[in-house]
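Student: My structure file my_file.json, JSON, C-alpha atoms, is below:
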[["chain", "number", "residue", "atom", "x", "y", "z"],
["Y", 287, "MET", "CA", -20.20, -2.09, -7.38],
["Y", 288, "ALA", "CA", -23.06, -0.31, -5.70],
["Y", 289, "SER", "CA", -21.50, -0.24, -2.25],
["Y", 290, "GLN", "CA", -18.83, 2.24, -3.23],
["Y", 291, "GLU", "CA", -20.87, 5.19, -2.00],
["Y", 292, "GLY", "CA", -19.84, 4.49, 1.56],
["Y", 293, "TRP", "CA", -16.16, 4.79, 0.74],
["Y", 294, "LYS", "CA", -16.07, 8.29, -0.58],
["Y", 295, "ARG", "CA", -13.27, 10.42, 0.72],
["Y", 296, "ARG", "CA", -14.18, 11.84, 4.07],
["Y", 297, "GLU", "CA", -14.58, 15.53, 4.67],
["Y", 298, "PRO", "CA", -11.55, 17.43, 5.93],
["Y", 299, "GLY", "CA", -11.41, 15.90, 9.32],
["Y", 300, "PRO", "CA", -11.12, 16.85, 12.94],
["Y", 301, "VAL", "CA", -9.57, 20.16, 13.82],
["Y", 302, "VAL", "CA", -6.90, 18.50, 15.95],
["Y", 303, "ARG", "CA", -3.56, 18.45, 14.18],
["Y", 304, "PRO", "CA", -2.49, 14.88, 13.40],
["Y", 305, "TYR", "CA", 0.61, 14.93, 15.56],
["Y", 306, "ALA", "CA", -1.22, 16.38, 18.55],
["Y", 307, "VAL", "CA", -2.17, 12.80, 19.42],
["Y", 308, "THR", "CA", 1.49, 11.82, 19.61],
["Y", 309, "GLY", "CA", 2.41, 14.83, 21.73],
["Y", 310, "GLY", "CA", 4.30, 16.26, 18.81],
["Y", 311, "ARG", "CA", 6.49, 13.19, 18.32],
["Y", 312, "THR", "CA", 7.12, 12.30, 14.68],
["Y", 313, "GLU", "CA", 9.49, 9.34, 15.08],
["Y", 314, "PRO", "CA", 8.65, 5.96, 16.58],
["Y", 315, "ALA", "CA", 10.20, 5.80, 20.07],
["Y", 316, "ASP", "CA", 11.95, 2.52, 19.28],
["Y", 317, "GLY", "CA", 13.33, 3.85, 16.00],
["Y", 318, "GLU", "CA", 11.79, 1.02, 14.01],
["Y", 319, "VAL", "CA", 9.69, 1.97, 11.00],
["Y", 320, "LEU", "CA", 6.94, -0.56, 10.43],
["Y", 321, "ASP", "CA", 6.05, -1.47, 6.87],
["Y", 322, "LEU", "CA", 2.56, -0.62, 5.63],
["Y", 323, "ILE", "CA", 1.72, -4.30, 5.51],
["Y", 324, "ALA", "CA", 3.59, -5.30, 8.65],
["Y", 325, "VAL", "CA", 1.23, -7.36, 10.80],
["Y", 326, "VAL", "CA", 0.69, -6.54, 14.47],
["Y", 327, "VAL", "CA", -1.51, -8.06, 17.13],
["Y", 328, "THR", "CA", -2.61, -7.12, 20.63],
["Y", 329, "THR", "CA", -0.98, -9.26, 23.31],
["Y", 330, "SER", "CA", -2.58, -10.78, 26.36],
["Y", 331, "ARG", "CA", -0.66, -8.16, 28.31],
["Y", 332, "SER", "CA", -2.57, -5.30, 26.74],
["Y", 333, "ALA", "CA", -5.04, -5.23, 29.60],
["Y", 334, "GLY", "CA", -2.53, -6.07, 32.32],
["Y", 335, "ALA", "CA", -1.23, -3.84, 35.08],
["Y", 336, "GLY", "CA", 2.28, -3.85, 33.70],
["Y", 337, "SER", "CA", 1.29, -2.10, 30.52],
["Y", 338, "GLU", "CA", 0.62, 1.26, 32.15],
["Y", 339, "PRO", "CA", -2.86, 1.96, 30.84],
["Y", 340, "ALA", "CA", -2.64, 5.44, 32.31],
["Y", 341, "ARG", "CA", -0.16, 6.42, 29.64],
["Y", 342, "ARG", "CA", -2.51, 5.48, 26.86],
["Y", 343, "THR", "CA", -4.59, 7.89, 24.87],
["Y", 344, "PRO", "CA", -7.94, 7.11, 23.22],
["Y", 345, "GLU", "CA", -5.97, 6.61, 19.98],
["Y", 346, "HIS", "CA", -3.77, 3.99, 21.65],
["Y", 347, "ARG", "CA", -6.91, 2.21, 22.81],
["Y", 348, "LYS", "CA", -8.44, 2.35, 19.33],
["Y", 349, "ILE", "CA", -5.35, 0.65, 17.97],
["Y", 350, "ILE", "CA", -5.44, -2.04, 20.66],
["Y", 351, "ASN", "CA", -9.07, -2.74, 19.79],
["Y", 352, "LEU", "CA", -8.40, -2.93, 16.05],
["Y", 353, "ALA", "CA", -5.48, -5.29, 16.56],
["Y", 354, "HIS", "CA", -7.21, -8.00, 18.57],
["Y", 355, "GLN", "CA", -6.92, -10.02, 15.37],
["Y", 356, "PRO", "CA", -3.61, -9.83, 13.46],
["Y", 357, "THR", "CA", -3.91, -6.62, 11.44],
["Y", 358, "THR", "CA", -1.74, -4.66, 9.05],
["Y", 359, "VAL", "CA", -0.47, -1.16, 9.73],
["Y", 360, "ALA", "CA", -2.38, 0.08, 6.66],
["Y", 361, "ASP", "CA", -5.65, -1.30, 8.00],
["Y", 362, "ILE", "CA", -5.04, 0.27, 11.40],
["Y", 363, "ALA", "CA", -4.32, 3.64, 9.78],
["Y", 364, "SER", "CA", -7.45, 3.41, 7.69],
["Y", 365, "GLY", "CA", -9.53, 2.10, 10.59],
["Y", 366, "THR", "CA", -8.52, 4.91, 12.92],
["Y", 367, "GLY", "CA", -8.46, 7.62, 10.26],
["Y", 368, "LEU", "CA", -4.98, 8.57, 11.47],
["Y", 369, "PRO", "CA", -2.06, 9.16, 9.10],
["Y", 370, "VAL", "CA", 0.35, 6.24, 8.75],
["Y", 371, "GLY", "CA", 3.17, 8.21, 10.40],
["Y", 372, "VAL", "CA", 1.06, 8.84, 13.49],
["Y", 373, "VAL", "CA", 0.02, 5.20, 13.69],
["Y", 374, "ARG", "CA", 3.68, 4.16, 13.58],
["Y", 375, "VAL", "CA", 4.52, 6.40, 16.55],
["Y", 376, "LEU", "CA", 1.58, 5.12, 18.59],
["Y", 377, "LEU", "CA", 2.27, 1.49, 17.68],
["Y", 378, "ALA", "CA", 5.88, 1.89, 18.81],
["Y", 379, "ASP", "CA", 4.60, 3.08, 22.20],
["Y", 380, "LEU", "CA", 2.36, 0.04, 22.50],
["Y", 381, "ILE", "CA", 5.10, -2.33, 21.39],
["Y", 382, "MET", "CA", 7.46, -0.91, 24.01],
["Y", 383, "LEU", "CA", 4.75, -1.34, 26.63],
["Y", 384, "GLY", "CA", 4.32, -4.94, 25.54],
["Y", 385, "ALA", "CA", 0.66, -4.35, 24.68],
["Y", 386, "VAL", "CA", 1.14, -5.06, 20.97],
["Y", 387, "LYS", "CA", 3.65, -7.22, 19.17],
["Y", 388, "VAL", "CA", 4.81, -7.44, 15.59],
["Y", 389, "VAL", "CA", 4.09, -10.81, 14.06],
["Y", 390, "ARG", "CA", 5.40, -10.00, 10.61],
["Y", 391, "GLN", "CA", 7.62, -6.99, 10.10],
["Y", 392, "ARG", "CA", 8.02, -6.46, 6.40],
["Y", 393, "PRO", "CA", 7.84, -8.37, 3.19],
["Y", 394, "THR", "CA", 11.15, -9.76, 2.05],
["Y", 395, "ARG", "CA", 12.61, -8.69, -1.25],
["Y", 396, "GLU", "CA", 13.19, -12.28, -2.15],
["Y", 397, "MET", "CA", 11.41, -13.51, -5.23],
["Y", 398, "PRO", "CA", 7.97, -14.86, -4.37],
["Y", 399, "SER", "CA", 7.68, -18.62, -4.40],
["Y", 400, "ASP", "CA", 5.94, -20.51, -7.19],
["Y", 401, "ASP", "CA", 3.47, -21.81, -4.65],
["Y", 402, "LEU", "CA", 2.53, -18.33, -3.53],
["Y", 403, "LEU", "CA", 2.09, -17.08, -7.09],
["Y", 404, "ARG", "CA", -0.02, -20.10, -7.97],
["Y", 405, "GLU", "CA", -2.18, -19.53, -4.92],
["Y", 406, "ILE", "CA", -2.72, -15.88, -5.84],
["Y", 407, "LEU", "CA", -3.50, -16.78, -9.46],
["Y", 408, "ASN", "CA", -6.05, -19.34, -8.37],
["Y", 409, "GLY", "CA", -7.56, -16.82, -6.00],
["Y", 410, "LEU", "CA", -7.83, -14.16, -8.69],
["Y", 411, "ARG", "CA", -9.35, -16.55, -11.20],
["Y", 412, "ALA", "CA", -11.96, -17.55, -8.66],
["Y", 413, "LEU", "CA", -13.05, -13.95, -8.02],
["P", 34, "MET", "CA", 8.12, -10.00, 24.65],
["P", 35, "ASP", "CA", 6.72, -13.29, 23.65],
["P", 36, "SER", "CA", 3.21, -13.42, 24.92],
["P", 37, "ALA", "CA", 2.04, -15.34, 21.93],
["P", 38, "ARG", "CA", -1.26, -16.45, 23.34],
["P", 39, "SER", "CA", -3.49, -14.00, 21.51],
["P", 40, "SER", "CA", -2.45, -15.33, 18.12],
["P", 41, "ALA", "CA", -2.02, -18.99, 19.09],
["P", 42, "GLY", "CA", -3.82, -21.46, 16.88],
["P", 43, "ARG", "CA", -4.27, -19.01, 14.01],
["P", 44, "PRO", "CA", -2.44, -19.41, 10.77],
["P", 45, "GLY", "CA", -0.58, -16.23, 10.05],
["P", 46, "LEU", "CA", -2.09, -13.38, 8.12],
["P", 47, "THR", "CA", 0.09, -13.14, 5.02],
["P", 48, "PRO", "CA", -0.36, -9.86, 3.21],
["P", 49, "HIS", "CA", 1.23, -9.10, -0.14],
["P", 50, "LYS", "CA", 1.08, -5.94, -2.12],
["P", 51, "LEU", "CA", 0.65, -4.80, -5.69],
["P", 52, "LEU", "CA", 1.00, -1.23, -6.85],
["P", 53, "ILE", "CA", -1.36, 0.54, -9.22],
["P", 54, "ALA", "CA", 0.65, 3.40, -10.68],
["P", 55, "GLY", "CA", 0.01, 5.96, -13.37],
["P", 56, "GLY", "CA", -0.48, 9.62, -14.07],
["P", 57, "PHE", "CA", -3.03, 12.01, -12.68],
["P", 58, "ALA", "CA", -6.70, 11.08, -13.30],
["P", 59, "VAL", "CA", -5.89, 7.97, -15.28],
["P", 60, "GLY", "CA", -8.31, 5.79, -13.32],
["P", 61, "LYS", "CA", -6.27, 4.32, -10.46],
["P", 62, "THR", "CA", -9.00, 4.82, -7.88],
["P", 63, "THR", "CA", -11.56, 3.40, -10.29],
["P", 64, "MET", "CA", -9.38, 0.36, -10.90],
["P", 65, "VAL", "CA", -8.87, -0.39, -7.21],
["P", 66, "ALA", "CA", -12.59, 0.14, -6.56],
["P", 67, "ALA", "CA", -13.58, -2.22, -9.38],
["P", 68, "ILE", "CA", -11.99, -5.22, -7.71],
["P", 69, "SER", "CA", -11.92, -4.46, -4.01],
["P", 70, "GLU", "CA", -13.24, -2.15, -1.35],
["P", 71, "VAL", "CA", -11.30, 1.02, -1.79],
["P", 72, "ARG", "CA", -10.37, 2.80, 1.39],
["P", 73, "PRO", "CA", -8.49, 6.04, 1.85],
["P", 74, "LEU", "CA", -5.17, 5.86, 3.60],
["P", 75, "LEU", "CA", -3.70, 9.03, 5.00],
["P", 76, "THR", "CA", -0.01, 9.33, 4.49],
["P", 77, "GLU", "CA", 2.36, 12.19, 4.21],
["P", 78, "GLU", "CA", 3.91, 14.35, 1.61],
["P", 79, "LYS", "CA", 7.03, 16.38, 2.15],
["P", 80, "LEU", "CA", 6.25, 20.00, 2.82],
["P", 81, "THR", "CA", 7.49, 22.39, 0.23],
["P", 82, "THR", "CA", 8.31, 26.01, 0.80],
["P", 83, "ALA", "CA", 4.97, 26.79, -0.85],
["P", 84, "SER", "CA", 3.18, 25.48, 2.21],
["P", 85, "VAL", "CA", 5.16, 27.54, 4.71],
["P", 86, "GLY", "CA", 2.74, 29.95, 6.27],
["P", 87, "HIS", "CA", -0.21, 27.67, 5.49],
["P", 88, "ASP", "CA", 0.68, 24.70, 7.63],
["P", 89, "ASP", "CA", 1.14, 25.50, 11.26],
["P", 90, "LEU", "CA", 4.17, 23.63, 12.47],
["P", 91, "GLN", "CA", 4.45, 25.20, 15.88],
["P", 92, "GLY", "CA", 5.10, 22.59, 18.52],
["P", 93, "VAL", "CA", 6.03, 19.98, 15.93],
["P", 94, "PRO", "CA", 9.64, 20.85, 15.19],
["P", 95, "GLY", "CA", 10.49, 17.58, 13.43],
["P", 96, "LYS", "CA", 7.59, 17.77, 11.03],
["P", 97, "THR", "CA", 8.44, 18.33, 7.39],
["P", 98, "THR", "CA", 5.45, 16.62, 5.83],
["P", 99, "THR", "CA", 1.77, 17.22, 5.29],
["P", 100, "THR", "CA", -1.05, 14.75, 5.00],
["P", 101, "VAL", "CA", -2.24, 13.30, 1.69],
["P", 102, "ALA", "CA", -4.64, 10.46, 0.96],
["P", 103, "LEU", "CA", -3.84, 7.51, -1.23],
["P", 104, "ASP", "CA", -6.19, 4.71, -2.12],
["P", 105, "TYR", "CA", -5.80, 1.16, -1.17],
["P", 106, "GLY", "CA", -7.92, -1.90, -1.54],
["P", 107, "ARG", "CA", -7.82, -5.38, -0.16],
["P", 108, "ILE", "CA", -8.63, -8.75, -1.75],
["P", 109, "THR", "CA", -8.86, -11.60, 0.72],
["P", 110, "PHE", "CA", -8.29, -15.15, -0.47],
["P", 111, "ALA", "CA", -8.42, -18.39, 1.45],
["P", 112, "ASN", "CA", -5.93, -19.16, 4.23],
["P", 113, "GLU", "CA", -5.60, -15.52, 5.27],
["P", 114, "LEU", "CA", -3.72, -14.68, 2.11],
["P", 115, "VAL", "CA", -4.49, -11.04, 1.43],
["P", 116, "LEU", "CA", -3.57, -8.96, -1.58],
["P", 117, "TYR", "CA", -3.27, -5.22, -0.97],
["P", 118, "LEU", "CA", -3.55, -2.86, -3.89],
["P", 119, "PHE", "CA", -1.99, 0.55, -3.37],
["P", 120, "GLY", "CA", -2.79, 3.37, -5.77],
["P", 121, "VAL", "CA", 0.47, 5.25, -6.23],
["P", 122, "PRO", "CA", 0.29, 8.84, -7.40],
["P", 123, "GLY", "CA", 2.48, 9.30, -10.43],
["P", 124, "GLN", "CA", 3.44, 12.91, -9.90],
["P", 125, "GLU", "CA", 7.02, 13.52, -8.97],
["P", 126, "ARG", "CA", 6.20, 15.14, -5.65],
["P", 127, "PHE", "CA", 5.03, 11.75, -4.42],
["P", 128, "TRP", "CA", 8.20, 9.95, -5.28],
["P", 129, "PHE", "CA", 9.47, 9.85, -1.74],
["P", 130, "MET", "CA", 6.76, 7.34, -0.86],
["P", 131, "TRP", "CA", 7.45, 5.05, -3.78],
["P", 132, "ASP", "CA", 10.43, 3.31, -2.23],
["P", 133, "GLU", "CA", 8.42, 2.35, 0.78],
["P", 134, "LEU", "CA", 5.43, 1.23, -1.24],
["P", 135, "ALA", "CA", 7.56, -0.69, -3.74],
["P", 136, "TYR", "CA", 9.61, -2.48, -1.11],
["P", 137, "GLY", "CA", 8.60, -6.12, -1.12],
["P", 138, "ALA", "CA", 5.80, -5.53, -3.64],
["P", 139, "LEU", "CA", 5.10, -8.47, -5.96],
["P", 140, "GLY", "CA", 4.62, -6.26, -8.99],
["P", 141, "ALA", "CA", 2.90, -3.23, -10.41],
["P", 142, "VAL", "CA", 0.27, -2.19, -12.91],
["P", 143, "VAL", "CA", 1.03, 1.00, -14.81],
["P", 144, "LEU", "CA", -2.34, 2.33, -15.84],
["P", 145, "ALA", "CA", -2.03, 4.49, -18.93],
["P", 146, "ASP", "CA", -4.21, 6.72, -21.08],
["P", 147, "VAL", "CA", -3.17, 6.56, -24.75],
["P", 148, "ARG", "CA", -3.83, 10.30, -25.09],
["P", 149, "ARG", "CA", -1.31, 11.07, -22.35],
["P", 150, "LEU", "CA", 1.20, 8.27, -22.61],
["P", 151, "ASP", "CA", 4.08, 10.43, -21.43],
["P", 152, "ASP", "CA", 2.39, 10.58, -18.00],
["P", 153, "SER", "CA", 3.39, 6.95, -17.56],
["P", 154, "PHE", "CA", 7.09, 7.46, -18.30],
["P", 155, "PRO", "CA", 8.05, 8.17, -14.67],
["P", 156, "SER", "CA", 6.30, 5.00, -13.44],
["P", 157, "VAL", "CA", 7.84, 2.87, -16.19],
["P", 158, "ASN", "CA", 11.30, 4.26, -15.48],
["P", 159, "TYR", "CA", 10.92, 3.68, -11.79],
["P", 160, "PHE", "CA", 9.88, 0.04, -12.08],
["P", 161, "GLU", "CA", 12.49, -0.70, -14.73],
["P", 162, "THR", "CA", 15.20, 0.77, -12.52],
["P", 163, "ARG", "CA", 14.01, -1.15, -9.48],
["P", 164, "GLY", "CA", 13.62, -4.40, -11.39],
["P", 165, "LEU", "CA", 10.02, -4.69, -10.19],
["P", 166, "PRO", "CA", 7.87, -6.65, -12.67],
["P", 167, "PHE", "CA", 5.10, -4.53, -14.17],
["P", 168, "VAL", "CA", 2.45, -4.60, -16.87],
["P", 169, "ILE", "CA", 1.01, -1.70, -18.86],
["P", 170, "ALA", "CA", -2.78, -1.53, -18.76],
["P", 171, "LEU", "CA", -4.27, 0.86, -21.30],
["P", 172, "ASN", "CA", -7.44, 2.26, -19.85],
["P", 173, "CYS", "CA", -9.90, 2.42, -22.74],
["P", 174, "PHE", "CA", -11.62, 5.72, -22.12],
["P", 175, "ASP", "CA", -14.76, 6.37, -24.13],
["P", 176, "GLY", "CA", -13.91, 8.34, -27.22],
["P", 177, "ALA", "CA", -10.16, 7.88, -26.91],
["P", 178, "PRO", "CA", -8.34, 6.63, -29.99],
["P", 179, "ARG", "CA", -7.45, 2.94, -30.00],
["P", 180, "TYR", "CA", -3.90, 1.84, -30.50],
["P", 181, "GLU", "CA", -2.46, -1.61, -30.88],
["P", 182, "PRO", "CA", -0.57, -2.74, -27.79],
["P", 183, "ASP", "CA", 2.57, -3.09, -29.92],
["P", 184, "GLU", "CA", 2.38, 0.56, -30.95],
["P", 185, "VAL", "CA", 2.23, 1.52, -27.30],
["P", 186, "ARG", "CA", 5.11, -0.81, -26.49],
["P", 187, "ASP", "CA", 7.22, 0.99, -29.08],
["P", 188, "ALA", "CA", 6.14, 4.43, -27.87],
["P", 189, "LEU", "CA", 7.14, 3.53, -24.32],
["P", 190, "ASP", "CA", 10.30, 1.76, -25.49],
["P", 191, "LEU", "CA", 9.43, -1.32, -23.43],
["P", 192, "ASP", "CA", 11.22, -4.61, -23.14],
["P", 193, "SER", "CA", 9.42, -7.15, -25.34],
["P", 194, "ALA", "CA", 8.62, -9.26, -22.27],
["P", 195, "VAL", "CA", 6.51, -6.55, -20.64],
["P", 196, "PRO", "CA", 2.82, -7.28, -21.25],
["P", 197, "VAL", "CA", 0.69, -4.46, -22.66],
["P", 198, "VAL", "CA", -3.03, -5.05, -22.26],
["P", 199, "LEU", "CA", -6.20, -3.11, -22.94],
["P", 200, "CYS", "CA", -8.59, -2.74, -20.05],
["P", 201, "ASP", "CA", -11.62, -0.95, -18.74],
["P", 202, "ALA", "CA", -10.76, 0.18, -15.23],
["P", 203, "ARG", "CA", -14.46, 0.30, -14.35],
["P", 204, "GLU", "CA", -15.02, -3.39, -15.12],
["P", 205, "ARG", "CA", -14.28, -5.92, -12.45],
["P", 206, "GLY", "CA", -13.67, -8.70, -14.98],
["P", 207, "SER", "CA", -11.29, -6.53, -16.96],
["P", 208, "VAL", "CA", -9.30, -5.50, -13.88],
["P", 209, "LYS", "CA", -9.18, -9.08, -12.73],
["P", 210, "GLN", "CA", -7.64, -10.05, -16.08],
["P", 211, "VAL", "CA", -5.03, -7.31, -15.72],
["P", 212, "LEU", "CA", -4.02, -8.63, -12.29],
["P", 213, "ILE", "CA", -3.88, -12.19, -13.63],
["P", 214, "THR", "CA", -1.63, -10.99, -16.45],
["P", 215, "LEU", "CA", 0.58, -9.27, -13.90],
["P", 216, "ILE", "CA", 0.95, -12.33, -11.66],
["P", 217, "GLU", "CA", 1.64, -14.54, -14.70],
["P", 218, "HIS", "CA", 4.29, -12.04, -15.75],
["P", 219, "VAL", "CA", 5.83, -12.07, -12.25],
["P", 220, "SER", "CA", 5.88, -15.83, -12.49],
["P", 221, "ALA", "CA", 7.57, -15.75, -15.91],
["P", 222, "GLN", "CA", 10.14, -13.21, -14.71],
["P", 223, "ARG", "CA", 10.87, -15.39, -11.74],
["P", 224, "ALA", "CA", 11.53, -18.33, -14.01],
["P", 225, "ARG", "CA", 13.74, -16.19, -16.26],
["P", 226, "ALA", "CA", 15.77, -14.70, -13.49],
["P", 227, "ALA", "CA", 16.96, -17.81, -11.73],
["P", 228, "VAL", "CA", 19.98, -15.84, -10.65],
["P", 229, "VAL", "CA", 18.94, -12.57, -9.11],
["P", 230, "THR", "CA", 21.10, -9.86, -7.73],
["P", 231, "ALA", "CA", 19.50, -7.68, -5.10],
["P", 232, "PRO", "CA", 18.73, -4.15, -6.24],
["P", 233, "ALA", "CA", 20.55, -1.34, -4.49],
["P", 234, "GLY", "CA", 19.22, 0.48, -1.46],
["P", 235, "ARG", "CA", 17.58, -0.38, 1.87]]
Show how you would write the structure in this file as structure tokens.
Tutor:
Amino acid sequence: MASQEGWKRREPGPVVRPYAVTGGRTEPADGEVLDLIAVVVTTSRSAGAGSEPARRTPEHRKIINLAHQPTTVADIASGTGLPVGVVRVLLADLIMLGAVKVVRQRPTREMPSDDLLREILNGLRAL
Amino acid sequence: MDSARSSAGRPGLTPHKLLIAGGFAVGKTTMVAAISEVRPLLTEEKLTTASVGHDDLQGVPGKTTTTVALDYGRITFANELVLYLFGVPGQERFWFMWDELAYGALGAVVLADVRRLDDSFPSVNYFETRGLPFVIALNCFDGAPRYEPDEVRDALDLDSAVPVVLCDARERGSVKQVLITLIEHVSAQRARAAVVTAPAGR
């Protein structure tokens, strides 16, 4: 695949320490650890007065913008260039403000259904 | 907190994940890149005493980790069904992140190099212990000796049901076949284990 060039590992990034953007917080404020493929989405309240925009950082706003469509935590982390742990802290802030909601927390450990497996198989074969 | 308007009318995004595990430099990044866009994901590794003095933790008292990158890729099918591939580093210092990555995963590929088969022991042990279905994919490096899959199965002391396949991690078609083998294996395991007891933990 010729397009891989664009995805090379980025240079050692900004000089700001990762947890500077969380004010040094390392745990999500609501104590809930979102799975890497948990799905979140921006709510209609994200722009509203009740969501205290003043408390948001540019990183919070980046997340809100990325999550206008339902998006996974992994994609948000990759899209913002922030470590997963930082994204979890910032997402918890936004969830508590009502600006973002979780639409799918984590995969279950139940066995996948036959229908799902068939759908994935068909998808793979069609690649 | 139920302002559902922003997602109204959309079928849900349903992501699922597969793990690509294996030893150092065995071709995990290449494999993910062969079948999907590979993107770096920054996550964290526990700090060891070796990093004390190098990593400035002032002002971050709760921090006991440092940042590492792992690869992930995404394959999007119809109906918002998305398959995420996570490249899992095989070295023991990354083990803390395995539980999280493995939770709810459909299955795993253990990518192996026949010249360094023992590098895949930790991955094999982990998935066997967790009861997560996995396949062994032997990455056919140029110039490496060829072994029959059955020889490798014996060397790794695998259950006879575990598929062992040859692959070229650079080739999209080859990687695709590995993933198909894995999903077929997951399907077969599912049929076999009609009665399942939940593994321990979480």
Student: Skip stretch 198-204 of chain P itself and residues of its chain fewer than 4 positions away, then list as a list in words all residues within 7 Å of it, counting only C-alpha atoms.
Tutor: Gly60, Thr63, Met64, Ala67, Ile169, Ala170, Leu171, Asn172, Cys173, Pro182 and Val208 of chain P
Student: Could you name the residues that touch P:Gly106 at 8 Å or less, counting all atoms listed in the file, but leaving out those on the same chain fewer than 4 positions away, as a PyMOL selection string?
Tutor: chain P and resi 65-66+69-72+117-119
Student: When you look at stretch 387-404 of chain Y with a cut-off of 8 Å (counting all atoms listed in the file), what residues show up, excluding the ones that are within fewer than 3 positions of it in the same chain? I need them as a JSON list (two decimals) with C-alpha atoms, in the frame of the given file.
Tutor:
[["chain", "number", "residue", "atom", "x", "y", "z"],
["Y", 320, "LEU", "CA", 6.94, -0.56, 10.43],
["Y", 321, "ASP", "CA", 6.05, -1.47, 6.87],
["Y", 323, "ILE", "CA", 1.72, -4.30, 5.51],
["Y", 324, "ALA", "CA", 3.59, -5.30, 8.65],
["Y", 325, "VAL", "CA", 1.23, -7.36, 10.80],
["Y", 326, "VAL", "CA", 0.69, -6.54, 14.47],
["Y", 327, "VAL", "CA", -1.51, -8.06, 17.13],
["Y", 328, "THR", "CA", -2.61, -7.12, 20.63],
["Y", 329, "THR", "CA", -0.98, -9.26, 23.31],
["Y", 356, "PRO", "CA", -3.61, -9.83, 13.46],
["Y", 381, "ILE", "CA", 5.10, -2.33, 21.39],
["Y", 384, "GLY", "CA", 4.32, -4.94, 25.54],
["Y", 407, "LEU", "CA", -3.50, -16.78, -9.46],
["Y", 408, "ASN", "CA", -6.05, -19.34, -8.37],
["P", 34, "MET", "CA", 8.12, -10.00, 24.65],
["P", 49, "HIS", "CA", 1.23, -9.10, -0.14],
["P", 136, "TYR", "CA", 9.61, -2.48, -1.11],
["P", 137, "GLY", "CA", 8.60, -6.12, -1.12],
["P", 138, "ALA", "CA", 5.80, -5.53, -3.64],
["P", 139, "LEU", "CA", 5.10, -8.47, -5.96],
["P", 216, "ILE", "CA", 0.95, -12.33, -11.66],
["P", 220, "SER", "CA", 5.88, -15.83, -12.49],
["P", 223, "ARG", "CA", 10.87, -15.39, -11.74],
["P", 231, "ALA", "CA", 19.50, -7.68, -5.10]]
Student: Kindly provide, as JSON, the centre and edge lengths (Å, one decimal) of an axis-aligned box around all atoms of stretch 148-155 of chain P given in the file, with 4 Å on each side.
Tutor:
{"center_x": 2.1, "center_y": 9.0, "center_z": -19.9, "size_x": 19.9, "size_y": 12.1, "size_z": 18.4}
Student: Which residue out of P:Gly176, P:Phe127, P:Leu74, P:Arg225 has the minimum interatomic distance to Y:Ile362 when only C-alpha atoms are used?
Tutor: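 Using only C-alpha atoms, the shortest distance to Y:Ile362 belongs to P:Leu74.
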Student: Which residue gives the smallest distance to chain Y among P:Ala188, P:Val142, P:Leu150, P:Leu103, with all atoms listed in the file counted?
Tutor: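 Using all atoms listed in the file, the shortest distance to chain Y belongs to P:Leu103.
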Student: Between atom CA of Y:Ser332 and atom CA of Y:Leu383, what is the distance in Å, rounded to a tenth?
Tutor: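 Value for the atom CA of Y:Ser332-atom CA of Y:Leu383 distance: 8.3 Å.
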Student: Around (13.5, 1.4, 19.2) in the file's frame, which residues reach within 12 Å when counting all atoms listed in the file? Return as a ChimeraX atom specification?
Tutor: /Y:313-320,374-375,377-383
Student: Can you work out the spacing between atom CA of P:Ile213 and atom CA of Y:Gly365 in Å, to one decimal?
Tutor: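 Atom-to-atom, atom CA of P:Ile213 and atom CA of Y:Gly365 are spaced 28.7 Å apart.
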Student: One number please: atom CA of P:Arg179 to atom CA of P:Ala58, in Å, one decimal.
Tutor: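 That distance, rounded to one decimal, is 18.6 Å.
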Student: Would you list the contacts of Y:Leu413 as an MDAnalysis selection string, taking every protein, DNA or RNA residue within 10 Å and counting only C-alpha atoms, but skipping same-chain residues closer than 3 positions in sequence?
Tutor: (chainID Y and resid 408:410) or (chainID P and resid 68 108:110 205:206 209)
Student: Can you work out which one of Y:Glu405, Y:Val370, Y:Thr308, Y:Asn351 has the shortest atom-to-atom distance to chain P, counting only C-alpha atoms?
Tutor: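 Nearest to chain P: Y:Val370.
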Student: Taking into account all atoms listed in the file, which residue in the set P:Pro122, P:Gly140, P:Glu184, P:Asp192 is nearest to chain Y?
Tutor: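 Smallest separation from chain Y among the options: P:Gly140.
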